[in-house]
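**Student:** I am attaching a structure below and will ask some questions about it afterwards.
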Amino acid sequence: MYKNQSDQSLRHICVVGCFTLSLLLGDAVIMLRAAEVTEILPETKQPVSGKEADWIDGDYVLQNEHLIAVIARPSALRDANMTVRGVGACLVDLTRREELSDQLSCYYPGAGRYLFHDASTVEYGVDESGEAYWKCQSSASVAGDGSVAELEYRLGDSDHGVKVFLTIKEPKKEKVKPIDGVRADRTFVFKSINNLGVAYCEDLHFRQTYGFRNVVSPQVPGWSSDRMRQLRYGAEALEEIGESGAVRWRTEVIPAASPLDLWGILNGGAPQEISIVGAIGNQPRIKLSLKGADEAEGMVTTSWMVSETGVSTIHLPPGKYKLVIDAIGHESNEVDLHVGKQAAKHQFQASQATSVRLTVTDEGNAGIPCKVTFFGKQGANGAETANPVFGIDSQSGSVGNCVYSADGTILRSIPAGAYDVLISRGPEYDVEYRELEVQQGQQSTLTAKLRRVVNTKGWVSAELHSHSSPSGDNTSDQLGRVENLLCEHLEFAPCTEHQRIESYDDQLEILGATHLMATCSGMELTGSLLPINHQNAFPLKWSPRKQDGGGPRTDNRDPVNQIARLAMWDEGSDKIVQSNHPNMRQMLKDRNLDGEDDGGFAKMLDFMDVIEVHPPELIFMNQEQTDALKNPDSNRMLPWMKLIATGRRIPGVVNTDAHYNFHGSGSLRNWIRCSTDDPSKIKTEEMTQRLESGQIVMSTGPFMTVELKHPGMDRAAQIGDTVALSDGRATLDVEIQCANWLDVNRVEVFINGQMQPELSRTRNEHPDQFGQGVVKFQQSLPIEVKSDAFVIVAAIGERLQLGRVMGDKEGKRPPVVVSNPIFVKLESN
């Protein structure tokens with residue numbers, strides 16, 4: 001186009017096909033994208049990203065140079081996730097282009113009072129004014145009053161917000177209240193900018209704010225306190241449409257990086273890119289705040305977080321400001337910020353960091369995934385140091401006083417002070433303890449070598465039930481969930497989000513750890529009639545661009561139908577179907593828990609491969625002790641053993657069901673027999689077969705092997721095996737190992753679910769049978785059975801806890817390990 005493009009100080013290229021205008025001003029390049037709306041098709045590239053992104057094929061993208069929004073396809077089956085349901089025609093994703101970080105669960109025009117299920121009513125395009133539009137008609141009114149709603153979204157080329165028009169036709173006017181609904185969960189706060197008539201919700205930690213204002217009324221919308229927050233606009237927001245009797249209200253929904261950014265956008269401020277350099281370490285979590293210029297009337301004074309790259313973009317009106325830079329381990333730093341009428345870039349230096357550099361390796365000096373926990377203590381000067389708080393429990397990298405590292409390399413800014421440092425990688429490794437005292441503005445260096453002291457050859461560690469934000473009932477970053485699993489040395493962990501087939505593969509690739517943890521796609525199908533109607537299944541075929549990832553729907557009336565549907569999914573493919581945290585009484589005998597035996601939902605057992613039976617320590621209680629519990633149904637161990645005694649060989653498993661990343665995974669686990677000890681060689685098919693066979697040890701940390709031996713046997717029977725004996729006498733070889741932060745002091749043998757007092761062993765009464773090193777117990781115990789039987793071995797550290805390694809909550813669990821049964825069949829029978 002130009003003979004000498006390098007000499008051009010201004011040129012423009014209009015690319016009609018993608019509605020993009022590129023302006024080059026000197027060295028600055030500004031991408032101007034005309035407003036457009038398109039349907040998401042299988043060939044469409046990923047339109048938006050973020051922790052709460054819920055788009056699928058068939059939805060619609062509404063976008064311009066500033067923002068990207070996703071409108072869910074009208075359908076009775078369109079849900080964003082397990083708890084954000086009925087989202088047809090709603091906004092399910094919304095973010096600014098500067099940082100694609102969707103955190104919106106859903107914006108419901110009309111607060112769900114109208115259903116939009118008919119995609120044939122959708123119209124979209126760009127009108128003569130250049131505005132992109134999308135509209136559709138309601139299928140029904142929830143109130144059943146005969147009224148009809150027309151919903152329209154509009155976006156101009158330079159708009160910073162999506163305009164939403166909700167028109168109610170044939171209404172009973174006295175009953176029409178202008179209300180919208182918003183799902184923005186847990187870490188969001190709900191406030192307003194009164195002088196601008198704007199209500200907003202803000203997630204400080206994940207750097208996203210959404211503003212809402214009525215186009216007609218200057219009154220600030222009010223927030224309700226329900227799970228779906230209602231935006232209440234007031235009667236003056238209603239507009240009558242001609243003589244038709246129809247009424248409408250118009251809302252503008254504006255994404256921003258922070259409340260201050262929202263204030264700047266609404267005041268016509270230009271974008272200011274602010275870069276902070278010199279902040280130390282993995283995810284320094286820089287927080288900025290602004291002191292306003294004299295002319296900055298009504299300025300919002302809240303702080304905002306900077307992205308992990310140290311960069312944030314914020315809109316500000318012209319003026320001279322004071323920018324305050326805060327970060328963990330850095331002294332507060334105040335600098336001048338001069339803002340003009342044009343977009344600009346600014347760079348500032350953080351103050352000198354106080355930090356610690358850690359290098360953690362295995363015995364071969366290779367970097368190793370680890371969890372490092374810092375506990376403040378009294379220093380040499382007598383001053384007490386508090387536990388640091390690096391981040392909230394839904395984040396990745398650093399949460400609470402923990403730091404996760406996938407490769408053992410940590411550079412962490414930290415407040416000056418004295419600390420105990422615990423370096424761990426799950427119960428097969430000794431914990432390394434260090435003391436740290438770091439001075440203001442200085443960097444300390446620590447090294448540690450983690451020793452894998454527990455010999456688990458032939459077994460791999462597994463977590464079969466955990467969650468993150470795609471599940472819909474929590475807001476945890478999925479990357480943080482995978483970090484948590486990896487650093488607790490879980491070697492096999494299927495992805496089991498609620499109501500959605502999902503995968504951990506992308507997160508493992510980000511961490512460079514695909515060789516360290518085996519995984520597969522799966523889901524938890526979560527119907528009502530709680531807690532019995534929750535089931536996991538894996539592996540399942542994942543279709544990431546389809547509703548529910550291609551998974552089955554729930555059955556909220558009949559758990560038997562639901563578990564059967566799940567078992568038969570993917571054309572009846574071989575999979576593990578796991579019953580999650582069931583009420584065993586409800587399942588086996590009393591479906592409505594009224595005390596009458598009605599058979600329960602016992603047919604669920606026909607489709608079940610394994611069943612959760614935690615907490616494992618309750619196996620040491622008898623029925624009388626169980627009945628005295630506040631919730632007797634919490635003891636699943638006793639009814640599980642009774643179930644096996646009836647001939648139903650359904651193996652038991654224990655899982656954390658973790659929803660947050662602060663010590664979430666790791667305090668419950670299963671060791672599963674495996675032909676390889678290399679996680680990169682674990683095959684899901686083998687895991688499925690081993691689980692179905694009951695070759696499982698359930699534990700909060702201690703590792704145990706059990707072998708049944710008899711002179712007439714060619715080889716010892718292992719956990720999960722069935723062995724035929726010519727007589728009822730045999731020997732149980734039991735070995736229990738613990739790393740240096742765990743111990744056991746009691747071992748019990750159960751035959752047909754009954755504890756055998758003569759085989760009871762305790763450290764107090766049998767001190768010579770318990771060890772002080774890694775091997776805590778290694779004994780041969782004689783058993784005798786009179787008929788066909790099953791044998792379970794359990795051990796516990798009574799009056800002991802997992803302790804600080806697992807945090808304040810999970811650390812209160814006792815060390816406990818329980819085998820699955822070995823089955824004995826007498827040949828004389």
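Chain labels run A, B, ... following the order of the structure tokens; each chain numbers its residues from 1, and ligands are numbered from 1 in the order shown.
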Just the residues within 12 Å of Ser760 of chain A, please, counting only C-alpha atoms, with nothing from its chain fewer than 5 positions along; format it as a list in words.
**Tutor:** Phe620, Asn745, Arg746, Val747, Glu748, Val749, Phe750, Gln754, Met755, Glu765, His766, Gln769, Gln779, Leu781, Pro782, Ile783, Val793, Ala794, Ala795 and Ile796 of chain A
**Student:** Where does segment 93-190 of chain A meet segment 217-240 of chain A within 8 Å, residue by residue, with the nearest atom pair and distance in Å to one decimal for each, counting only C-alpha atoms, listed by chain and rising number, as a tab-separated table?
**Tutor:**
```
residue	atom	partner	partner_atom	distance
A:Ala111	CA	A:Gln230	CA	6.7
A:Lys177	CA	A:Ala235	CA	6.7
A:Pro178	CA	A:Tyr233	CA	5.7
A:Ile179	CA	A:Arg232	CA	4.8
A:Asp180	CA	A:Leu231	CA	5.1
A:Gly181	CA	A:Gln230	CA	4.5
A:Val182	CA	A:Arg229	CA	5.1
A:Arg183	CA	A:Met228	CA	5.1
A:Ala184	CA	A:Met228	CA	8.0
A:Asp185	CA	A:Arg227	CA	7.8
A:Phe190	CA	A:Trp223	CA	7.2
```
**Student:** Output N, CA and C atoms for every residue in that selection, as a PDB file, in the first residue's frame.
**Tutor:**
```
ATOM      1  N   ALA A 111     -33.770 -11.417  36.333  1.00  0.00           N
ATOM      2  CA  ALA A 111     -33.545 -12.273  37.512  1.00  0.00           C
ATOM      3  C   ALA A 111     -34.232 -13.627  37.394  1.00  0.00           C
ATOM      4  N   LYS A 177     -41.594  -5.288  38.366  1.00  0.00           N
ATOM      5  CA  LYS A 177     -40.526  -4.638  39.111  1.00  0.00           C
ATOM      6  C   LYS A 177     -39.226  -4.828  38.339  1.00  0.00           C
ATOM      7  N   PRO A 178     -38.531  -3.728  38.065  1.00  0.00           N
ATOM      8  CA  PRO A 178     -37.282  -3.847  37.306  1.00  0.00           C
ATOM      9  C   PRO A 178     -36.168  -4.447  38.167  1.00  0.00           C
ATOM     10  N   ILE A 179     -35.921  -5.720  37.961  1.00  0.00           N
ATOM     11  CA  ILE A 179     -34.918  -6.459  38.748  1.00  0.00           C
ATOM     12  C   ILE A 179     -34.128  -7.343  37.803  1.00  0.00           C
ATOM     13  N   ASP A 180     -32.820  -7.344  37.957  1.00  0.00           N
ATOM     14  CA  ASP A 180     -31.948  -8.295  37.278  1.00  0.00           C
ATOM     15  C   ASP A 180     -31.247  -9.144  38.336  1.00  0.00           C
ATOM     16  N   GLY A 181     -30.611 -10.213  37.888  1.00  0.00           N
ATOM     17  CA  GLY A 181     -29.895 -11.086  38.809  1.00  0.00           C
ATOM     18  C   GLY A 181     -28.441 -11.245  38.410  1.00  0.00           C
ATOM     19  N   VAL A 182     -27.579 -11.429  39.405  1.00  0.00           N
ATOM     20  CA  VAL A 182     -26.146 -11.593  39.163  1.00  0.00           C
ATOM     21  C   VAL A 182     -25.632 -12.738  40.021  1.00  0.00           C
ATOM     22  N   ARG A 183     -24.894 -13.663  39.386  1.00  0.00           N
ATOM     23  CA  ARG A 183     -24.131 -14.660  40.133  1.00  0.00           C
ATOM     24  C   ARG A 183     -22.647 -14.326  39.990  1.00  0.00           C
ATOM     25  N   ALA A 184     -22.071 -13.863  41.075  1.00  0.00           N
ATOM     26  CA  ALA A 184     -20.637 -13.583  41.172  1.00  0.00           C
ATOM     27  C   ALA A 184     -20.275 -14.000  42.600  1.00  0.00           C
ATOM     28  N   ASP A 185     -19.563 -15.090  42.757  1.00  0.00           N
ATOM     29  CA  ASP A 185     -19.552 -15.815  44.024  1.00  0.00           C
ATOM     30  C   ASP A 185     -18.323 -15.566  44.890  1.00  0.00           C
ATOM     31  N   PHE A 190     -19.973  -6.542  47.089  1.00  0.00           N
ATOM     32  CA  PHE A 190     -21.039  -5.854  46.360  1.00  0.00           C
ATOM     33  C   PHE A 190     -21.232  -4.458  46.951  1.00  0.00           C
TER      34      PHE A 190
END
```
**Student:** Write out as a PyMOL selection string the residues lying within 9 Å of Asp574 of chain A, counting only C-alpha atoms and excluding same-chain residues fewer than 4 positions away.
**Tutor:** chain A and resi 538-539+567+570+685+688
**Student:** Of the candidates A:Thr526, A:Gly110, A:Lys546, A:Asp627, which shows the shortest atom-to-atom distance to Gln578 of chain A, using only C-alpha atoms?
**Tutor:**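 With only C-alpha atoms as the atom set, the closest residue is A:Thr526.
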**Student:** Write down as JSON, numbers by chain the residues of segment 48-270 of chain A whose backbone DSSP state falls under strand (DSSP E).
**Tutor:** {"A": [60, 61, 62, 63, 67, 68, 69, 70, 71, 91, 92, 93, 94, 95, 96, 106, 107, 108, 114, 115, 123, 124, 125, 126, 132, 133, 134, 135, 136, 137, 140, 141, 148, 149, 150, 151, 152, 153, 154, 155, 162, 163, 164, 165, 166, 167, 168, 169, 179, 180, 181, 182, 183, 188, 189, 190, 191, 192, 193, 198, 199, 200, 201, 202, 203, 208, 209, 210, 211, 212, 213, 214, 222, 223, 229, 230, 231, 232, 239, 240, 241, 246, 247, 248, 249, 250, 251, 252, 253, 254, 255, 256, 270]}
**Student:** Write the residues of the selection above to a file with C-alpha atoms, as a short mmCIF file (atom, residue, chain, number, x, y, z; two decimals), in the first residue's frame.
**Tutor:**
```
data_model
loop_
_atom_site.label_atom_id
_atom_site.label_comp_id
_atom_site.auth_asym_id
_atom_site.auth_seq_id
_atom_site.Cartn_x
_atom_site.Cartn_y
_atom_site.Cartn_z
CA TYR A 60 -22.88 -16.06 20.83
CA VAL A 61 -19.92 -13.66 21.12
CA LEU A 62 -20.64 -9.94 21.31
CA GLN A 63 -17.45 -7.90 21.15
CA LEU A 67 -14.67 -6.02 25.68
CA ILE A 68 -15.83 -9.54 24.93
CA ALA A 69 -19.18 -10.91 26.12
CA VAL A 70 -20.74 -14.34 25.66
CA ILE A 71 -24.52 -14.77 25.45
CA LEU A 91 -24.49 -13.20 29.85
CA VAL A 92 -22.22 -16.03 31.03
CA ASP A 93 -18.83 -14.51 30.21
CA LEU A 94 -17.70 -10.88 30.23
CA THR A 95 -14.23 -9.36 30.36
CA ARG A 96 -12.17 -6.48 29.07
CA CYS A 106 -23.92 -15.18 35.11
CA TYR A 107 -25.93 -12.00 34.56
CA TYR A 108 -29.66 -12.83 34.46
CA TYR A 114 -38.63 -15.28 32.13
CA LEU A 115 -37.39 -18.42 30.41
CA GLU A 123 -31.95 -12.39 15.68
CA TYR A 124 -28.52 -10.80 15.52
CA GLY A 125 -26.34 -8.63 13.33
CA VAL A 126 -25.10 -5.06 12.94
CA ALA A 132 -24.13 -4.93 17.01
CA TYR A 133 -27.34 -6.40 18.40
CA TRP A 134 -28.67 -9.75 19.60
CA LYS A 135 -32.27 -10.34 20.65
CA CYS A 136 -34.76 -13.10 21.33
CA GLN A 137 -38.23 -13.74 22.79
CA ALA A 140 -42.57 -18.54 29.18
CA SER A 141 -43.09 -16.43 32.24
CA VAL A 148 -43.87 -12.04 27.26
CA ALA A 149 -40.33 -10.67 27.47
CA GLU A 150 -38.14 -9.49 24.63
CA LEU A 151 -34.45 -9.37 25.47
CA GLU A 152 -31.94 -7.38 23.47
CA TYR A 153 -28.20 -6.79 23.87
CA ARG A 154 -26.51 -3.93 22.02
CA LEU A 155 -22.87 -2.88 21.66
CA VAL A 162 -23.06 -3.98 27.06
CA LYS A 163 -26.49 -2.35 26.85
CA VAL A 164 -29.31 -4.66 27.89
CA PHE A 165 -32.97 -3.97 27.02
CA LEU A 166 -35.66 -6.06 28.68
CA THR A 167 -39.15 -5.30 27.36
CA ILE A 168 -42.22 -6.82 29.00
CA LYS A 169 -45.28 -7.10 26.77
CA ILE A 179 -34.92 -6.46 38.75
CA ASP A 180 -31.95 -8.30 37.28
CA GLY A 181 -29.90 -11.09 38.81
CA VAL A 182 -26.15 -11.59 39.16
CA ARG A 183 -24.13 -14.66 40.13
CA PHE A 188 -16.81 -10.84 45.25
CA VAL A 189 -17.94 -7.86 47.32
CA PHE A 190 -21.04 -5.85 46.36
CA LYS A 191 -21.02 -2.06 46.60
CA SER A 192 -21.91 1.10 44.66
CA ILE A 193 -20.54 4.40 43.34
CA VAL A 198 -23.65 2.53 39.59
CA ALA A 199 -23.80 -0.68 41.58
CA TYR A 200 -20.83 -2.97 41.23
CA CYS A 201 -19.37 -6.27 42.33
CA GLU A 202 -15.63 -6.69 42.70
CA ASP A 203 -13.26 -9.62 42.96
CA GLN A 208 -12.36 -8.17 37.87
CA THR A 209 -15.21 -5.76 38.57
CA TYR A 210 -18.65 -5.52 36.99
CA GLY A 211 -20.65 -2.31 37.06
CA PHE A 212 -24.43 -2.05 36.56
CA ARG A 213 -26.43 1.10 35.97
CA ASN A 214 -29.87 1.87 34.68
CA GLY A 222 -29.72 -1.88 45.35
CA TRP A 223 -28.21 -5.29 46.03
CA ARG A 229 -27.79 -11.21 43.96
CA GLN A 230 -30.73 -9.16 42.78
CA LEU A 231 -30.20 -5.72 41.28
CA ARG A 232 -33.23 -3.64 42.20
CA GLU A 239 -40.24 3.07 30.69
CA GLU A 240 -43.60 2.76 28.99
CA ILE A 241 -43.35 1.93 25.30
CA ALA A 246 -45.36 -2.62 27.17
CA VAL A 247 -42.72 -1.54 29.67
CA ARG A 248 -38.96 -1.94 29.67
CA TRP A 249 -35.82 -1.17 31.60
CA ARG A 250 -32.38 -0.61 30.16
CA THR A 251 -29.19 -1.60 31.92
CA GLU A 252 -25.56 -1.09 31.04
CA VAL A 253 -23.18 -3.84 32.20
CA ILE A 254 -19.56 -2.64 32.31
CA PRO A 255 -16.53 -4.85 32.93
CA ALA A 256 -13.49 -3.26 34.57
CA ALA A 270 -7.89 7.15 29.02
#
```
**Student:** Expressed in Å to a single decimal, how great is the separation between atom CA of Ile265 of chain A and atom CA of Gln395 of chain A?
**Tutor:**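 Atom CA of Ile265 of chain A sits 27.7 Å away from atom CA of Gln395 of chain A.
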**Student:** Taking the backbone alone, and naming residues the way the document does, which bits of segment 149-219 of chain A are helix (DSSP H, G or I) by DSSP, as JSON, numbers by chain?
**Tutor:** {"A": [173, 174, 175, 194, 195, 196]}
**Student:** If you measure from atom CA of Ile423 of chain A to atom CA of Leu450 of chain A, what distance in Å do you get, rounded to one decimal?
**Tutor:**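 Those two atoms sit 8.0 Å apart.
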**Student:** Take atom CA of Pro702 of chain A and atom CA of Thr361 of chain A and report the distance between them in Å, one decimal.
**Tutor:**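 Result for atom CA of Pro702 of chain A versus atom CA of Thr361 of chain A: 22.9 Å, one decimal.
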**Student:** Name the closest residue to Gly480 of chain A among the candidates A:Val706, A:Met299, A:Ile510, A:Leu618; distances are taken between atoms, counting only C-alpha atoms.
**Tutor:**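 Nearest to Gly480 of chain A: A:Ile510.
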**Student:** Might you pull out every residue within 7 Å of Gln586 of chain A, with only C-alpha atoms counted and same-chain residues fewer than 5 positions away left off, and present them as a PyMOL selection string?
**Tutor:** chain A and resi 591-593+600-601
**Student:** For the residues in the current selection, export all heavy atoms as a PDB file, in the first residue's frame.
**Tutor:**
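New file out_18.pdb:
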```pdb
ATOM      1  N   ARG A 591     -35.001 -45.194  52.480  1.00  0.00           N
ATOM      2  CA  ARG A 591     -34.805 -44.158  51.473  1.00  0.00           C
ATOM      3  C   ARG A 591     -35.254 -42.774  51.923  1.00  0.00           C
ATOM      4  O   ARG A 591     -34.684 -41.769  51.510  1.00  0.00           O
ATOM      5  CB  ARG A 591     -35.489 -44.522  50.159  1.00  0.00           C
ATOM      6  CG  ARG A 591     -36.999 -44.639  50.209  1.00  0.00           C
ATOM      7  CD  ARG A 591     -37.577 -44.823  48.803  1.00  0.00           C
ATOM      8  NE  ARG A 591     -36.982 -45.949  48.100  1.00  0.00           N
ATOM      9  CZ  ARG A 591     -36.972 -46.072  46.773  1.00  0.00           C
ATOM     10  NH1 ARG A 591     -37.522 -45.139  46.019  1.00  0.00           N
ATOM     11  NH2 ARG A 591     -36.423 -47.117  46.206  1.00  0.00           N
ATOM     12  N   ASN A 592     -36.290 -42.689  52.759  1.00  0.00           N
ATOM     13  CA  ASN A 592     -36.752 -41.363  53.208  1.00  0.00           C
ATOM     14  C   ASN A 592     -36.354 -41.064  54.646  1.00  0.00           C
ATOM     15  O   ASN A 592     -36.805 -40.077  55.225  1.00  0.00           O
ATOM     16  CB  ASN A 592     -38.264 -41.230  53.028  1.00  0.00           C
ATOM     17  CG  ASN A 592     -39.024 -42.329  53.751  1.00  0.00           C
ATOM     18  OD1 ASN A 592     -38.432 -43.119  54.495  1.00  0.00           O
ATOM     19  ND2 ASN A 592     -40.319 -42.404  53.512  1.00  0.00           N
ATOM     20  N   LEU A 593     -35.510 -41.919  55.236  1.00  0.00           N
ATOM     21  CA  LEU A 593     -34.938 -41.712  56.573  1.00  0.00           C
ATOM     22  C   LEU A 593     -36.011 -41.458  57.638  1.00  0.00           C
ATOM     23  O   LEU A 593     -35.835 -40.637  58.538  1.00  0.00           O
ATOM     24  CB  LEU A 593     -33.943 -40.539  56.536  1.00  0.00           C
ATOM     25  CG  LEU A 593     -32.722 -40.732  55.611  1.00  0.00           C
ATOM     26  CD1 LEU A 593     -31.874 -39.467  55.565  1.00  0.00           C
ATOM     27  CD2 LEU A 593     -31.885 -41.927  56.065  1.00  0.00           C
ATOM     28  N   GLY A 600     -34.614 -48.955  50.892  1.00  0.00           N
ATOM     29  CA  GLY A 600     -33.693 -47.908  50.484  1.00  0.00           C
ATOM     30  C   GLY A 600     -33.532 -47.818  48.978  1.00  0.00           C
ATOM     31  O   GLY A 600     -34.473 -48.072  48.215  1.00  0.00           O
ATOM     32  N   PHE A 601     -32.336 -47.459  48.565  1.00  0.00           N
ATOM     33  CA  PHE A 601     -31.995 -47.401  47.141  1.00  0.00           C
ATOM     34  C   PHE A 601     -30.955 -48.471  46.844  1.00  0.00           C
ATOM     35  O   PHE A 601     -29.949 -48.228  46.180  1.00  0.00           O
ATOM     36  CB  PHE A 601     -31.458 -46.016  46.778  1.00  0.00           C
ATOM     37  CG  PHE A 601     -32.473 -44.917  46.894  1.00  0.00           C
ATOM     38  CD1 PHE A 601     -32.482 -44.085  48.004  1.00  0.00           C
ATOM     39  CD2 PHE A 601     -33.414 -44.718  45.903  1.00  0.00           C
ATOM     40  CE1 PHE A 601     -33.418 -43.067  48.120  1.00  0.00           C
ATOM     41  CE2 PHE A 601     -34.360 -43.697  46.006  1.00  0.00           C
ATOM     42  CZ  PHE A 601     -34.357 -42.873  47.112  1.00  0.00           C
TER      43      PHE A 601
END
```
**Student:** Residues at most 6 Å from Val324 of chain A, counting only C-alpha atoms, excluding those fewer than 3 positions away in the same chain, as number ranges by chain?
**Tutor:** A: 288-289, 333-334
**Student:** I'd like the neighbourhood of segment 72-85 of chain A as JSON, numbers by chain, where a residue qualifies if any of its atoms comes within 6 Å (using only C-alpha atoms), though same-chain residues fewer than 5 positions away should be ignored.
**Tutor:** {"A": [54, 58, 59, 90, 116, 117, 118, 119, 472, 499]}
**Student:** Please save N, CA and C atoms of the selected residues as a PDB file, in the first residue's frame.
**Tutor:**
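See result22.pdb below for the written result:
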```pdb
ATOM      1  N   ASP A  54     -17.403 -20.030  30.681  1.00  0.00           N
ATOM      2  CA  ASP A  54     -18.385 -21.118  30.542  1.00  0.00           C
ATOM      3  C   ASP A  54     -18.939 -21.254  29.135  1.00  0.00           C
ATOM      4  N   GLY A  58     -22.461 -22.918  20.043  1.00  0.00           N
ATOM      5  CA  GLY A  58     -23.868 -22.554  19.990  1.00  0.00           C
ATOM      6  C   GLY A  58     -24.182 -21.272  20.728  1.00  0.00           C
ATOM      7  N   ASP A  59     -23.270 -20.842  21.628  1.00  0.00           N
ATOM      8  CA  ASP A  59     -23.416 -19.535  22.268  1.00  0.00           C
ATOM      9  C   ASP A  59     -23.038 -18.444  21.274  1.00  0.00           C
ATOM     10  N   CYS A  90     -28.653 -15.500  28.730  1.00  0.00           N
ATOM     11  CA  CYS A  90     -27.983 -14.678  29.748  1.00  0.00           C
ATOM     12  C   CYS A  90     -26.518 -14.436  29.368  1.00  0.00           C
ATOM     13  N   PHE A 116     -35.914 -18.343  28.518  1.00  0.00           N
ATOM     14  CA  PHE A 116     -35.537 -18.157  27.119  1.00  0.00           C
ATOM     15  C   PHE A 116     -34.995 -19.490  26.602  1.00  0.00           C
ATOM     16  N   HIS A 117     -35.881 -20.259  26.008  1.00  0.00           N
ATOM     17  CA  HIS A 117     -35.540 -21.620  25.612  1.00  0.00           C
ATOM     18  C   HIS A 117     -35.602 -21.852  24.109  1.00  0.00           C
ATOM     19  N   ASP A 118     -36.055 -20.865  23.341  1.00  0.00           N
ATOM     20  CA  ASP A 118     -36.303 -21.076  21.916  1.00  0.00           C
ATOM     21  C   ASP A 118     -35.276 -20.327  21.085  1.00  0.00           C
ATOM     22  N   ALA A 119     -34.277 -21.053  20.574  1.00  0.00           N
ATOM     23  CA  ALA A 119     -33.225 -20.422  19.782  1.00  0.00           C
ATOM     24  C   ALA A 119     -33.730 -19.939  18.432  1.00  0.00           C
ATOM     25  N   GLY A 472     -18.722 -25.161  40.042  1.00  0.00           N
ATOM     26  CA  GLY A 472     -19.831 -24.249  40.287  1.00  0.00           C
ATOM     27  C   GLY A 472     -20.168 -24.020  41.740  1.00  0.00           C
ATOM     28  N   GLN A 499     -20.911 -32.010  37.589  1.00  0.00           N
ATOM     29  CA  GLN A 499     -21.839 -31.783  36.484  1.00  0.00           C
ATOM     30  C   GLN A 499     -21.154 -31.414  35.171  1.00  0.00           C
TER      31      GLN A 499
END
```
**Student:** Just the residues within 7 Å of Ser444 of chain A, please, counting only C-alpha atoms, with nothing from its chain fewer than 5 positions along; format it as a count of residues only.
**Tutor:** 4
**Student:** Using only C-alpha atoms, which residue out of A:Asn533, A:Ser303, A:Gln440, A:Asn670 lies closest to Asn583 of chain A?
**Tutor:**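 When distances to Asn583 of chain A are compared using only C-alpha atoms, the smallest one comes from A:Asn533.
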**Student:** Restricting the calculation to only C-alpha atoms: of A:Trp640, A:Phe770, A:Phe662, A:Tyr419, which residue gets closest to Gly397 of chain A?
**Tutor:**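 Smallest distance to Gly397 of chain A is found for A:Phe662.
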**Student:** Measuring atom to atom with only C-alpha atoms, identify which of A:Leu529, A:Ile650, A:Ala344, A:Ile274 is nearest to Leu323 of chain A.
**Tutor:** A:Ile274
